[in-house]
Amino acid sequence: MIDPALTDALRACAVGAVGAAVGPRPSDLTVRLGRPDDLPAVVAVLTGPHAMALATVVATDETATPDGDLKVRYVFEPTSLDAPDRFVTLLVSVDAARPEVPSLTAAVPAANWHEREMRDLFGIVPVGHPDPRPLVVHDGWPAGIFPLRKSFDGSRRVAVEPAAEFPHVVAEGEGVFEIPVGPIHAGIIEPGHFRFTSVGETVLHLDARLFYTHRGLEKRMEGLSPLDAFYVAERICGVCSLAHGLGYCEALEQIAGVDVPPRARLIRSIALELERLYNHVGDVGNVCAGAAFHYGTATGMRLKERLQQLNERLAGHRFLRGLVVPGGVRLDLAGELLGVLAATLDDTLGGLDSLMGRIEANPSVVDRLDDTGVLPHQAALDLAVAGVAARASGVDRDARRDHPHAAFAGPEPPDLRVVTVPDGDANARVMVRALEARESIRLVGELVRRLEPGALQVALADPLPGGRIGLSAIESPRGEAIHWLRTDARGRVERYHLRSPSYHNWPAVALAAETAIVPDFPLVNKSFELCYSCTDR
Amino acid sequence: MLRILLNALRTGVVTTRYPATPSVPPDRFRGAPVLRPGTGLPPPAVCPTGALSERFDAAGRHVALDLARCVFCGRCAEDPWAGAVAMGRGFELAARTRANLRIEVVADDPALAAAGPAPEPDVEAAGASAEIRRVLGRSLHLRHLDAGSCNACDWELTALLNPVYDVRRLGIDFVASPRHADGVVVTGPVTRNLEPAVRRTFEAVPDPRVVIAVGACAASGGIVGEGYASAGGVDRVLPVDVYIPGCPPRPEAIIFGILLAIGRLDARRRPPGE
């Protein structure tokens with residue numbers, strides 16, 4: 001939808017041409033900037049008076065098309081509660097011979113990693129970016145090779161060269177020392193390197209180096225039939241399998257121009273809540289591990305296991321893979337299974353209430369959580385933090401309400417109570433999780449009551465329409481995930497990009513850790529509970 | 001404190017008896033595919049990971065399935081191939097070699113019986129080196145090594161320590177340092193960014209040591225395959241003793257694979273004291 005007030009405001013601050021068009025979705029706006037140098041001024045209008053936040057940045061290599069250029073799309077979304085569900089895409093054409101764009105990071109901190117990523121993977125240089133270090137490709141990556149350029153053959157290994165010391169911020173002074181942690185950790189967790197700079201126990205600075213699990217999945221999907229690429233999207237992350245599979249499907253279904261049947265939408269939303277539930281319940285238990293409250297850890301693990309066994313009964317898979325497929329769902333929820341579902345959720349609610357009662361009554365846990373790892377409200381806004389972490393810092397954002405999907409996209413969306421807590425500390429994040437878990441249980445009950453007999457799937461054309469873009473936002477257990485998919489002329493995947501909630505939230509962990517002492521870092525980290533795999537891809 | 005004790009007593013024992021008692025996954029569980037010889041077998045392109053392959057000789061069309069690559073998505077068992085391939089419920093699929101994870105049928109010869117997973121576990125068990133079994137058989141301490149997994153396999157390893165699976169009852173535990181470990185359980189296809197860390201962690205484990213590749217990515221590259229950022233499986237970098245198929249393997253499938261690695265599958269079906 002073209003909003004004349006907005007387009008006029010953007011034209012007023014731009015020197016070059018500004019073209020506006022509807023898309024990718026009918027409610028969205030795509031603004032093409034004739035002059036890349038207009039970007040900072042235009043972005044300032046979006047983020048300032050129009051209160052929009054950066055949702056994702058997608059670079060594409062279109063040098064082999066008639067356009068013969070690289071393109072960067074900066075996708076913004078509204079943050080105010082009364083705003084419509086509308087993404088605004090700023091489209092910039094980049095000259096392949098001189099691939100440069102002005103950096104937005106100084107004004108929009110959330111752009112930081114996006115810009116470093118496009119420098120690593122596409123060779124598009126964000127001019128003026130404050131951090132020159134590579135992000136996605138690590139040591140010894142050959143200079144001048146950009147893996148997401150179309151001319152690069154991604155199917156072969158690239159040799160690993162001996163590495164120099166990881167370049168990081170070095171603080172000097174009496175009593176200042178560094179603690180290197182990872183990438184291989186002492187527990188069963190994902191790999192990342194954390195470089196603490198400390199004085200005594202106080203953290204001065206934390207440099208987090210991620211992308212160890214970068215598998216090149218976006219490149220892997222290029223050229224595949226979108227129906228085949230679905231199995232890759234579903235496997236980007238284990239504990240977000242359902243949410244990411246669903247987000248990919250919704251983007252694909254936009255391209256195909258199909259409407260998923262109502263029963264399938266309800267089952268998708270039920271599954272999305274079941275994924276949130278097993279994650280949140282398990283995460284409450286894991287926070288107890290960080291506070292050495294072993295009863296809480298064991299109870300959280302037991303409740304989570306029960307929910308994953310439920311997943312296996314409902315979907316044949318403990319992480320709910322294989323339930324959602326492009327066009328709908330593959331399995332029905334009916335009969336005896338609904339009874340098992342209701343009984344398990346009933347027991348989970350009782351178990352969760354009991355666990356939260358033990359946590360709240362235990363000063364040794366509460367003292368550790370209270371005022372630990374504080375993420376201030378303004379920092380959460382600046383970094384475009386998503387999900388539990390945002391809502392625990394008082395940011396009222398939830399994609400189920402703000403970008404309706406699955407059952408929420410219907411004419412009478414289910415009632416949703418978005419939970420926010422203002423404090424921003426580890427305790428607030430635990431509270432948000434516990435309240436949201438209860439809300440998920442209530443929501444599943446409501447969604448089940450709405451189930452009416454009907455079709456489970458709608459067929460998708462094969463091959464799919466070429467040259468179209470799908471854009472979806474899903475509220476995964478960790479927050480809003482943005483999926484961007486485009487088909488090429490033959491209907492194959494030309495480019496797919498996932499911006500997971502963890503991608504925007506990791507810099508917030510580093511920031512929150514700077515209010516903590518070193519021994520509390522595991523607690524801070526677990527209270528955010530982010531994924532490495534869907535950040536690194 | 002009293003309430004915690006009361007809650008714990010009320011909860012009772014939740015721990016499974018597996019492997020002494022067999023485990024039967026729920027009806028919808030997608031385990032090892034069973035291929036039925038006949039002309040209805042799907043073309044290899046159906047499989048998103050390249051686990052299906054075909055070759056032709058005098059006997060006709062041979063269709064093979066590599067369980068190490070299979071992600072158990074069930075696509076090859078959907079219409080129109082539902083009659084030719086069925087997702088079985090078998091999950092005890094770990095094997096000591098990649099060859100043992102290959103199922104092959106002659107598509108054009110329906111006289112041959114349907115083929116399921118090839119390995120015969122008891123014969124396999126005898127293959128564990130006597131040294132590994134003598135030194136590590138009764139108390140095995142493992143180091144987890146994430147080589148670029150999607151975290152599903154990692155969370156299933158974590159589940160092994162929950163009150164339901166509690167692998168410590170089997171003398172198996174996870175340790176913080178490779179120097180304290182008898183071996184590594186590796187998840188993920190070995191990414192380029194992790195390859196040096198994977199090698200160095202393995203080198204820090206004293207001999208004799210076992211390497212267990214958990215899940216499709218570790219066993220074969222799985223859905224990731226080989227590419228600019230992925231080695232395409234743990235055995236491209238480290239010597240692998242046992243491959244555990246699955247995407248991810250369920251916790252009991254991992255227990256099965258670990259017991260296979262140390263030659264202790266005789267612990268199955270034989271409760272303590274009998």
# chains A, B, ... in the order shown; residues from 1 in each chain; ligands from 1
call {"tool": "interface_residues", "arguments": {"of": "chain A", "to": "chain B", "cutoff": "8 Å", "atoms": "only C-alpha atoms", "output": "VMD selection string"}}
result
chain A and resid 137 to 139 147 154 to 160 183 to 191 211 to 217 220 228 to 229 231 to 232 235 to 239 295 298 301 to 302 305 312 to 319 321 to 322 358 531 533 to 534
call {"tool": "select_by_dssp", "arguments": {"residues": "segment 6-236 of chain B", "states": "helix (DSSP H, G or I)", "output": "PyMOL selection string"}}
result
chain B and resi 6-11+44-46+75-77+99-101+121-126+130-136+152-159+167-170+178-180+192-203+215-220+234-236
call {"tool": "select_by_dssp", "arguments": {"residues": "segment 125-223 of chain B", "states": "strand (DSSP E or B)", "output": "ChimeraX atom specification"}}
result
/B:140-146,172-174,183-187,191,210-214
call {"tool": "write_last_selection", "arguments": {"atoms": "C-alpha atoms", "output": "PDB file, in the first residue's frame"}}
result
ATOM      1  CA  LEU B 140      32.770 -43.991  29.851  1.00  0.00           C
ATOM      2  CA  HIS B 141      33.372 -40.252  30.068  1.00  0.00           C
ATOM      3  CA  LEU B 142      32.593 -38.325  26.948  1.00  0.00           C
ATOM      4  CA  ARG B 143      33.230 -34.797  25.781  1.00  0.00           C
ATOM      5  CA  HIS B 144      30.606 -33.202  23.579  1.00  0.00           C
ATOM      6  CA  LEU B 145      31.998 -31.516  20.509  1.00  0.00           C
ATOM      7  CA  ASP B 146      29.644 -29.285  18.537  1.00  0.00           C
ATOM      8  CA  ILE B 172      28.245 -42.907  31.056  1.00  0.00           C
ATOM      9  CA  ASP B 173      28.823 -39.220  31.745  1.00  0.00           C
ATOM     10  CA  PHE B 174      29.774 -36.006  30.013  1.00  0.00           C
ATOM     11  CA  GLY B 183      36.157 -39.973  23.697  1.00  0.00           C
ATOM     12  CA  VAL B 184      34.088 -37.371  21.913  1.00  0.00           C
ATOM     13  CA  VAL B 185      30.496 -37.317  20.741  1.00  0.00           C
ATOM     14  CA  VAL B 186      30.451 -35.040  17.730  1.00  0.00           C
ATOM     15  CA  THR B 187      27.397 -33.255  16.336  1.00  0.00           C
ATOM     16  CA  THR B 191      32.160 -26.324   9.676  1.00  0.00           C
ATOM     17  CA  VAL B 210      36.305 -43.277  20.757  1.00  0.00           C
ATOM     18  CA  VAL B 211      34.674 -40.911  18.285  1.00  0.00           C
ATOM     19  CA  ILE B 212      30.911 -41.120  17.959  1.00  0.00           C
ATOM     20  CA  ALA B 213      29.236 -39.171  15.143  1.00  0.00           C
ATOM     21  CA  VAL B 214      25.742 -38.216  16.304  1.00  0.00           C
TER      22      VAL B 214
END
call {"tool": "atom_distance", "arguments": {"atom1": "atom CA of Thr105 of chain A", "atom2": "atom CA of His497 of chain A"}}
result
20.0 Å
